[in-house]
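Structure file start-v3.json (JSON, C-alpha atoms) is printed below.
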[["chain", "number", "residue", "atom", "x", "y", "z"],
["A", 1, "MET", "CA", -84.13, 71.50, -53.37],
["A", 2, "PHE", "CA", -85.55, 69.86, -56.51],
["A", 3, "GLN", "CA", -87.16, 73.10, -57.69],
["A", 4, "GLY", "CA", -83.87, 74.95, -57.53],
["A", 5, "PRO", "CA", -82.73, 74.36, -61.14],
["A", 6, "ASP", "CA", -86.07, 75.61, -62.53],
["A", 7, "THR", "CA", -86.54, 78.49, -60.09],
["A", 8, "TYR", "CA", -82.89, 79.57, -60.06],
["A", 9, "PRO", "CA", -81.40, 78.35, -63.36],
["A", 10, "THR", "CA", -78.14, 80.28, -62.92],
["A", 11, "TYR", "CA", -77.45, 78.76, -59.48],
["A", 12, "HIS", "CA", -75.19, 75.76, -58.91],
["A", 13, "THR", "CA", -76.20, 73.01, -56.48],
["A", 14, "VAL", "CA", -73.24, 72.01, -54.30],
["A", 15, "GLY", "CA", -72.61, 69.49, -51.56],
["A", 16, "GLY", "CA", -69.16, 70.10, -50.11],
["A", 17, "SER", "CA", -68.05, 72.63, -52.75],
["A", 18, "SER", "CA", -64.44, 71.46, -52.39],
["A", 19, "GLY", "CA", -64.10, 71.40, -56.17],
["A", 20, "PHE", "CA", -66.60, 74.02, -57.27],
["A", 21, "SER", "CA", -65.21, 76.71, -54.96],
["A", 22, "VAL", "CA", -61.79, 76.34, -56.60],
["A", 23, "TYR", "CA", -63.33, 76.40, -60.07],
["A", 24, "GLN", "CA", -65.36, 79.48, -59.19],
["A", 25, "ALA", "CA", -62.37, 81.34, -57.79],
["A", 26, "LEU", "CA", -60.33, 80.67, -60.92],
["A", 27, "GLU", "CA", -62.97, 80.84, -63.64],
["A", 28, "HIS", "CA", -65.82, 82.96, -62.23],
["A", 29, "PRO", "CA", -64.50, 85.51, -59.73],
["A", 30, "GLU", "CA", -67.86, 87.30, -59.89],
["A", 31, "ASN", "CA", -69.11, 84.69, -57.37],
["A", 32, "LYS", "CA", -71.95, 82.85, -59.06],
["A", 33, "PRO", "CA", -74.66, 81.96, -56.50],
["A", 34, "VAL", "CA", -75.06, 78.42, -55.18],
["A", 35, "ILE", "CA", -77.69, 76.23, -53.54],
["A", 36, "ASP", "CA", -75.89, 74.49, -50.68],
["A", 37, "ILE", "CA", -77.42, 71.11, -49.72],
["A", 38, "SER", "CA", -74.51, 69.99, -47.54],
["A", 39, "ASP", "CA", -76.63, 70.05, -44.35],
["A", 40, "THR", "CA", -79.44, 67.87, -45.74],
["A", 41, "LEU", "CA", -79.49, 65.05, -43.19],
["A", 42, "GLU", "CA", -81.31, 62.63, -45.51],
["A", 43, "LEU", "CA", -78.32, 62.76, -47.86],
["A", 44, "LYS", "CA", -75.82, 61.92, -45.11],
["A", 45, "ARG", "CA", -77.08, 58.49, -44.13],
["A", 46, "ILE", "CA", -74.97, 55.34, -44.22],
["A", 47, "GLU", "CA", -76.99, 52.14, -44.16],
["A", 48, "GLU", "CA", -75.85, 48.52, -44.26],
["A", 49, "THR", "CA", -78.19, 45.77, -45.43],
["A", 50, "ASP", "CA", -77.55, 42.10, -46.11],
["A", 51, "ALA", "CA", -76.78, 42.87, -49.76],
["A", 52, "TYR", "CA", -75.56, 46.48, -49.92],
["A", 53, "VAL", "CA", -73.72, 49.26, -48.18],
["A", 54, "ILE", "CA", -75.71, 52.41, -49.01],
["A", 55, "PHE", "CA", -74.13, 55.86, -48.83],
["A", 56, "GLY", "CA", -76.17, 59.04, -48.99],
["A", 57, "ALA", "CA", -75.04, 61.47, -51.67],
["A", 58, "GLY", "CA", -73.94, 64.02, -49.07],
["A", 59, "VAL", "CA", -71.64, 61.62, -47.22],
["A", 60, "THR", "CA", -68.13, 63.04, -47.16],
["A", 61, "VAL", "CA", -65.31, 61.21, -48.89],
["A", 62, "GLU", "CA", -63.69, 60.63, -45.50],
["A", 63, "ALA", "CA", -66.85, 59.07, -44.01],
["A", 64, "PHE", "CA", -67.17, 57.01, -47.20],
["A", 65, "ARG", "CA", -63.59, 55.78, -46.75],
["A", 66, "GLU", "CA", -64.02, 54.90, -43.08],
["A", 67, "THR", "CA", -67.00, 52.65, -43.81],
["A", 68, "LEU", "CA", -65.96, 51.21, -47.17],
["A", 69, "VAL", "CA", -62.54, 49.95, -46.03],
["A", 70, "ARG", "CA", -64.21, 47.71, -43.46],
["A", 71, "HIS", "CA", -65.68, 45.82, -46.41],
["A", 72, "TYR", "CA", -63.00, 46.47, -49.04],
["A", 73, "PRO", "CA", -59.60, 46.98, -47.34],
["A", 74, "GLY", "CA", -58.01, 47.42, -50.77],
["A", 75, "ALA", "CA", -59.63, 50.86, -51.04],
["A", 76, "GLN", "CA", -57.71, 52.32, -48.09],
["A", 77, "GLU", "CA", -54.64, 53.86, -49.74],
["A", 78, "TYR", "CA", -56.62, 54.82, -52.81],
["A", 79, "LEU", "CA", -59.12, 56.91, -50.85],
["A", 80, "LEU", "CA", -56.45, 58.40, -48.62],
["A", 81, "SER", "CA", -54.85, 59.75, -51.80],
["A", 82, "PHE", "CA", -58.08, 61.53, -52.78],
["A", 83, "GLY", "CA", -56.90, 64.68, -51.01],
["A", 84, "SER", "CA", -55.83, 66.03, -47.65],
["A", 85, "LEU", "CA", -57.93, 65.24, -44.58],
["A", 86, "PRO", "CA", -59.64, 68.68, -44.60],
["A", 87, "VAL", "CA", -60.60, 68.15, -48.25],
["A", 88, "ARG", "CA", -61.87, 64.62, -47.61],
["A", 89, "ASN", "CA", -63.92, 65.92, -44.69],
["A", 90, "ARG", "CA", -65.55, 68.52, -46.95],
["A", 91, "ALA", "CA", -65.87, 66.86, -50.36],
["A", 92, "SER", "CA", -69.13, 65.00, -50.93],
["A", 93, "LEU", "CA", -69.49, 61.66, -52.64],
["A", 94, "ALA", "CA", -72.07, 62.88, -55.16],
["A", 95, "GLY", "CA", -70.16, 66.08, -55.87],
["A", 96, "ASN", "CA", -67.20, 64.12, -57.18],
["A", 97, "LEU", "CA", -69.51, 62.00, -59.33],
["A", 98, "ALA", "CA", -71.57, 64.89, -60.70],
["A", 99, "ASN", "CA", -68.39, 66.64, -61.82],
["A", 100, "ALA", "CA", -68.17, 63.80, -64.38],
["A", 101, "SER", "CA", -64.41, 64.10, -64.76],
["A", 102, "SER", "CA", -62.61, 61.62, -66.98],
["A", 103, "VAL", "CA", -60.15, 61.09, -64.10],
["A", 104, "GLY", "CA", -62.60, 61.43, -61.20],
["A", 105, "ASP", "CA", -61.31, 59.30, -58.35],
["A", 106, "ILE", "CA", -64.62, 57.93, -57.07],
["A", 107, "MET", "CA", -66.21, 56.68, -60.29],
["A", 108, "PRO", "CA", -63.47, 54.18, -61.35],
["A", 109, "LEU", "CA", -63.74, 52.63, -57.89],
["A", 110, "LEU", "CA", -67.53, 52.39, -58.16],
["A", 111, "LEU", "CA", -67.22, 50.78, -61.59],
["A", 112, "ALA", "CA", -64.99, 48.02, -60.21],
["A", 113, "LEU", "CA", -67.36, 47.54, -57.27],
["A", 114, "GLU", "CA", -70.42, 47.31, -59.55],
["A", 115, "ALA", "CA", -72.16, 50.12, -57.69],
["A", 116, "GLU", "CA", -75.58, 51.58, -58.42],
["A", 117, "LEU", "CA", -76.64, 55.22, -58.17],
["A", 118, "GLU", "CA", -80.04, 56.32, -56.89],
["A", 119, "LEU", "CA", -81.31, 59.34, -58.84],
["A", 120, "VAL", "CA", -84.31, 61.30, -57.58],
["A", 121, "SER", "CA", -86.48, 64.23, -58.62],
["A", 122, "LEU", "CA", -89.90, 65.47, -57.58],
["A", 123, "GLY", "CA", -91.60, 62.97, -59.85],
["A", 124, "SER", "CA", -89.26, 60.02, -60.10],
["A", 125, "ASN", "CA", -86.86, 57.72, -58.33],
["A", 126, "ARG", "CA", -84.61, 55.45, -60.37],
["A", 127, "LYS", "CA", -81.54, 53.27, -59.92],
["A", 128, "VAL", "CA", -78.86, 53.12, -62.59],
["A", 129, "PRO", "CA", -75.57, 51.20, -62.79],
["A", 130, "ALA", "CA", -72.61, 53.45, -62.15],
["A", 131, "ALA", "CA", -71.33, 52.41, -65.57],
["A", 132, "ASP", "CA", -74.31, 54.18, -67.22],
["A", 133, "PHE", "CA", -73.97, 57.51, -65.41],
["A", 134, "ASN", "CA", -71.36, 59.29, -67.54],
["A", 135, "SER", "CA", -72.61, 60.14, -71.02],
["A", 136, "GLY", "CA", -69.48, 61.88, -72.31],
["A", 137, "TYR", "CA", -66.60, 64.13, -71.34],
["A", 138, "HIS", "CA", -67.78, 66.06, -68.25],
["A", 139, "THR", "CA", -71.40, 65.12, -69.00],
["A", 140, "HIS", "CA", -73.86, 62.75, -67.31],
["A", 141, "ILE", "CA", -77.40, 61.45, -67.57],
["A", 142, "LEU", "CA", -78.93, 63.58, -64.78],
["A", 143, "ASP", "CA", -82.03, 65.50, -65.83],
["A", 144, "GLN", "CA", -82.12, 69.19, -64.92],
["A", 145, "ASP", "CA", -84.34, 68.62, -61.87],
["A", 146, "GLU", "CA", -82.62, 65.38, -60.80],
["A", 147, "LEU", "CA", -80.08, 64.74, -58.05],
["A", 148, "ILE", "CA", -77.96, 61.82, -56.96],
["A", 149, "SER", "CA", -79.49, 60.68, -53.66],
["A", 150, "ALA", "CA", -77.38, 57.63, -52.81],
["A", 151, "VAL", "CA", -74.70, 55.18, -53.90],
["A", 152, "ARG", "CA", -75.33, 51.46, -53.40],
["A", 153, "ILE", "CA", -72.30, 49.15, -53.22],
["A", 154, "PRO", "CA", -72.71, 45.36, -53.05],
["A", 155, "ARG", "CA", -71.30, 43.78, -49.92],
["A", 156, "PRO", "CA", -68.34, 41.56, -50.84],
["A", 157, "SER", "CA", -68.12, 37.80, -50.53],
["A", 158, "ALA", "CA", -65.34, 36.31, -48.43],
["A", 159, "THR", "CA", -63.40, 35.56, -51.62],
["A", 160, "ARG", "CA", -63.65, 39.07, -53.09],
["A", 161, "LYS", "CA", -60.43, 41.06, -53.61],
["A", 162, "LEU", "CA", -59.96, 44.71, -54.60],
["A", 163, "PHE", "CA", -56.96, 46.51, -56.02],
["A", 164, "ALA", "CA", -57.15, 50.29, -56.42],
["A", 165, "HIS", "CA", -54.39, 52.69, -57.41],
["A", 166, "LYS", "CA", -54.26, 56.40, -58.14],
["A", 167, "GLN", "CA", -51.30, 57.82, -60.06],
["A", 168, "ALA", "CA", -50.62, 61.55, -59.84],
["A", 169, "LYS", "CA", -47.62, 63.84, -60.04],
["A", 170, "ARG", "CA", -47.95, 64.69, -56.33],
["A", 171, "SER", "CA", -49.36, 62.79, -53.36],
["A", 172, "ASN", "CA", -52.88, 63.72, -52.25],
["A", 173, "MET", "CA", -53.22, 67.29, -53.47],
["A", 174, "ASP", "CA", -53.27, 66.67, -57.20],
["A", 175, "VAL", "CA", -55.58, 65.61, -60.01],
["A", 176, "SER", "CA", -55.09, 62.00, -61.06],
["A", 177, "THR", "CA", -53.07, 61.16, -64.14],
["A", 178, "LEU", "CA", -54.90, 57.84, -64.16],
["A", 179, "THR", "CA", -56.67, 55.47, -61.82],
["A", 180, "CYS", "CA", -56.79, 51.68, -62.00],
["A", 181, "CYS", "CA", -59.26, 49.59, -60.02],
["A", 182, "MET", "CA", -59.84, 45.84, -60.31],
["A", 183, "ALA", "CA", -62.03, 43.48, -58.27],
["A", 184, "PHE", "CA", -62.41, 39.74, -58.51],
["A", 185, "ASP", "CA", -63.20, 36.56, -56.57],
["A", 186, "VAL", "CA", -60.44, 34.00, -56.06],
["A", 187, "ILE", "CA", -61.89, 30.50, -55.74],
["A", 188, "ASP", "CA", -59.60, 27.46, -55.92],
["A", 189, "ASN", "CA", -56.87, 29.77, -57.21],
["A", 190, "THR", "CA", -59.05, 30.80, -60.15],
["A", 191, "LEU", "CA", -60.32, 34.28, -61.05],
["A", 192, "HIS", "CA", -64.08, 34.78, -61.14],
["A", 193, "ARG", "CA", -66.46, 37.75, -61.60],
["A", 194, "VAL", "CA", -63.69, 40.12, -62.67],
["A", 195, "THR", "CA", -64.71, 43.79, -62.75],
["A", 196, "THR", "CA", -62.62, 46.84, -63.58],
["A", 197, "GLY", "CA", -62.65, 50.63, -63.52],
["A", 198, "PHE", "CA", -60.17, 52.99, -65.17],
["A", 199, "GLY", "CA", -59.90, 56.78, -65.06],
["A", 200, "GLY", "CA", -57.80, 58.91, -67.38],
["A", 201, "MET", "CA", -57.76, 56.25, -70.09],
["A", 202, "ALA", "CA", -60.79, 57.52, -72.07],
["A", 203, "PRO", "CA", -63.08, 60.59, -72.18],
["A", 204, "THR", "CA", -65.02, 59.04, -69.26],
["A", 205, "PRO", "CA", -64.14, 56.52, -66.55],
["A", 206, "VAL", "CA", -64.63, 53.09, -68.11],
["A", 207, "ARG", "CA", -64.74, 49.38, -67.47],
["A", 208, "SER", "CA", -62.81, 47.13, -69.83],
["A", 209, "ALA", "CA", -65.10, 44.29, -70.88],
["A", 210, "ARG", "CA", -62.34, 42.73, -72.96],
["A", 211, "LEU", "CA", -59.90, 42.67, -70.03],
["A", 212, "GLU", "CA", -62.56, 41.25, -67.73],
["A", 213, "ALA", "CA", -63.36, 38.49, -70.21],
["A", 214, "PHE", "CA", -59.65, 37.67, -70.66],
["A", 215, "LEU", "CA", -59.07, 37.25, -66.92],
["A", 216, "GLU", "CA", -62.29, 35.37, -66.20],
["A", 217, "GLY", "CA", -61.62, 31.73, -65.31],
["A", 218, "ARG", "CA", -57.84, 32.01, -65.54],
["A", 219, "SER", "CA", -55.35, 31.05, -62.87],
["A", 220, "PHE", "CA", -54.67, 33.55, -60.10],
["A", 221, "ALA", "CA", -50.99, 33.81, -61.03],
["A", 222, "GLU", "CA", -48.56, 36.57, -61.95],
["A", 223, "ASP", "CA", -48.21, 35.20, -65.48],
["A", 224, "THR", "CA", -51.94, 35.71, -66.03],
["A", 225, "PHE", "CA", -51.65, 39.40, -65.19],
["A", 226, "ARG", "CA", -48.52, 39.74, -67.33],
["A", 227, "GLN", "CA", -50.44, 38.33, -70.28],
["A", 228, "ALA", "CA", -53.25, 40.77, -69.57],
["A", 229, "ALA", "CA", -50.73, 43.62, -69.59],
["A", 230, "ASP", "CA", -49.80, 42.73, -73.17],
["A", 231, "LEU", "CA", -53.36, 43.60, -74.20],
["A", 232, "VAL", "CA", -53.20, 47.19, -72.92],
["A", 233, "PRO", "CA", -52.25, 48.84, -76.25],
["A", 234, "GLU", "CA", -55.41, 47.36, -77.77],
["A", 235, "LEU", "CA", -57.70, 47.99, -74.78],
["A", 236, "PHE", "CA", -57.58, 51.77, -74.56],
["A", 237, "SER", "CA", -57.63, 54.74, -76.93],
["A", 238, "THR", "CA", -56.44, 57.40, -74.54],
["A", 239, "ILE", "CA", -55.06, 60.88, -75.25],
["A", 240, "SER", "CA", -52.05, 62.90, -74.22],
["A", 241, "ASP", "CA", -52.42, 65.94, -71.98],
["A", 242, "VAL", "CA", -50.39, 67.96, -69.48],
["A", 243, "ARG", "CA", -50.53, 65.14, -66.92],
["A", 244, "GLY", "CA", -49.11, 62.45, -69.19],
["A", 245, "SER", "CA", -48.87, 61.13, -72.71],
["A", 246, "ALA", "CA", -51.06, 58.34, -74.03],
["A", 247, "ASP", "CA", -48.04, 56.03, -74.22],
["A", 248, "TYR", "CA", -47.08, 56.84, -70.62],
["A", 249, "ARG", "CA", -50.57, 56.02, -69.40],
["A", 250, "LYS", "CA", -50.67, 52.70, -71.25],
["A", 251, "HIS", "CA", -47.19, 51.81, -70.04],
["A", 252, "LEU", "CA", -48.11, 52.61, -66.44],
["A", 253, "VAL", "CA", -51.37, 50.66, -66.49],
["A", 254, "SER", "CA", -49.63, 47.57, -67.86],
["A", 255, "HIS", "CA", -47.16, 47.67, -64.95],
["A", 256, "LEU", "CA", -49.99, 48.11, -62.45],
["A", 257, "PHE", "CA", -51.39, 44.73, -63.46],
["A", 258, "SER", "CA", -48.41, 42.98, -61.86],
["A", 259, "ARG", "CA", -48.78, 45.17, -58.80],
["A", 260, "CYS", "CA", -52.43, 44.18, -58.65],
["A", 261, "PHE", "CA", -51.46, 40.53, -58.49],
["A", 262, "TRP", "CA", -48.82, 40.92, -55.79],
["A", 263, "GLU", "CA", -50.93, 43.13, -53.53],
["A", 264, "THR", "CA", -53.99, 40.91, -53.72],
["A", 265, "HIS", "CA", -51.90, 37.73, -53.59],
["A", 266, "LYS", "CA", -50.31, 38.88, -50.33],
["A", 267, "ASN", "CA", -53.75, 39.37, -48.80],
["A", 268, "TYR", "CA", -55.04, 36.12, -50.32],
["A", 269, "ARG", "CA", -52.25, 34.04, -48.80],
["A", 270, "HIS", "CA", -52.92, 35.39, -45.30],
["A", 271, "ALA", "CA", -56.72, 35.39, -45.54]]

Could the structure of this file be written out as structure tokens, please?
Amino acid sequence: MFQGPDTYPTYHTVGGSSGFSVYQALEHPENKPVIDISDTLELKRIEETDAYVIFGAGVTVEAFRETLVRHYPGAQEYLLSFGSLPVRNRASLAGNLANASSVGDIMPLLLALEAELELVSLGSNRKVPAADFNSGYHTHILDQDELISAVRIPRPSATRKLFAHKQAKRSNMDVSTLTCCMAFDVIDNTLHRVTTGFGGMAPTPVRSARLEAFLEGRSFAEDTFRQAADLVPELFSTISDVRGSADYRKHLVSHLFSRCFWETHKNYRHA
């Protein structure tokens, strides 16, 4: 498996191939060969420790959803919108990450959850923060002989809340226009340990350190999120494309901040 890139440099390594098969049909009808690792049992494990929920790289998006929502209920609708059930049952967790899309649905969620990626090769095994994985537009830090082996997500505290939203032109079967994910602790009605993840707002999925710092320590109130929304024009330098203009994306994200408050507030009140 690790020798594949050196031995067969023209081959593509695939997990579920839900994305690559479409790309190949449209862009490379000559059927470029693949190395299929979808049946590698070691990459399909799901393990829960006291500190982490660990997902093997080959875990399907649907299996990922079923386990993650037990810890982070706020991820439910977001992951259901990833694609149809057949797609979610085929697409692999690492495949979505390795595609390194600027609007990839999984990475913004992992950024907000402060996830780590385990990267392995024949001679090394390293852990990197999800925030360090993307190096540019459709590029990442994986060496040629390296694979993602697992995703490690911290288990949440009882006070942890998650908001996650995907905006697309159609439900489920469409590429995201943008994604907005925010996580935070609410203690004595005050925001703590705020983390974010945005897709479609930059060449790569990004956290917003400035937004996180603004919200940290402030009151868990709608006015706080409205004030944060006023910062959006300064927070992102996004572009226009066929899915939406830069102004549309900024306008939408600013409105999602209020939605974030009301959705998490509803859950907070009944917790």

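Distance-wise, atom CA of A:Val61 and atom CA of A:Phe133 end up 19.0 Å apart.
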
Fill in the blank from the handout: Students should find that atom CA of A:Gly244 and atom CA of A:Val194 are spaced 27.5 Å

Practice task
Mind giving me the straight-line distance from atom CA of A:Ala221 to atom CA of A:Ser258 in Å, one decimal?
Solution key: 9.6 Å

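Across A:Ser245, A:Gln167, A:Ser157, A:Thr224, the tightest approach to A:Arg193 is made by A:Ser157 when counting all atoms listed in the file.
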
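Among the candidates A:Pro86, A:Pro154, A:Gly200, A:Gly217, the one nearest to A:Leu110 when counting all atoms listed in the file is A:Pro154.
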
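Considering the residues A:Leu85, A:Ala183, A:Val206, A:Val253 and counting all atoms listed in the file, A:Pro156 has its shortest atom-to-atom contact with A:Ala183.
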
Against stretch 72-82 of chain A, which residues of stretch 178-217 of chain A fall within 10 Å? For each one I want the closest pair of atoms and the distance in Å (one decimal), counting only C-alpha atoms, rows by chain and increasing residue number, as a tab-separated table.
residue	atom	partner	partner_atom	distance
A:Thr179	CA	A:Tyr78	CA	9.0
A:Cys180	CA	A:Tyr78	CA	9.7
A:Cys181	CA	A:Ala75	CA	9.1
A:Met182	CA	A:Gly74	CA	9.8
A:Ala183	CA	A:Gly74	CA	9.4

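Distance check against A:Ala150 using only C-alpha atoms: of A:Glu47, A:Glu263, A:Asp223, A:Asp185, the minimum falls on A:Glu47.
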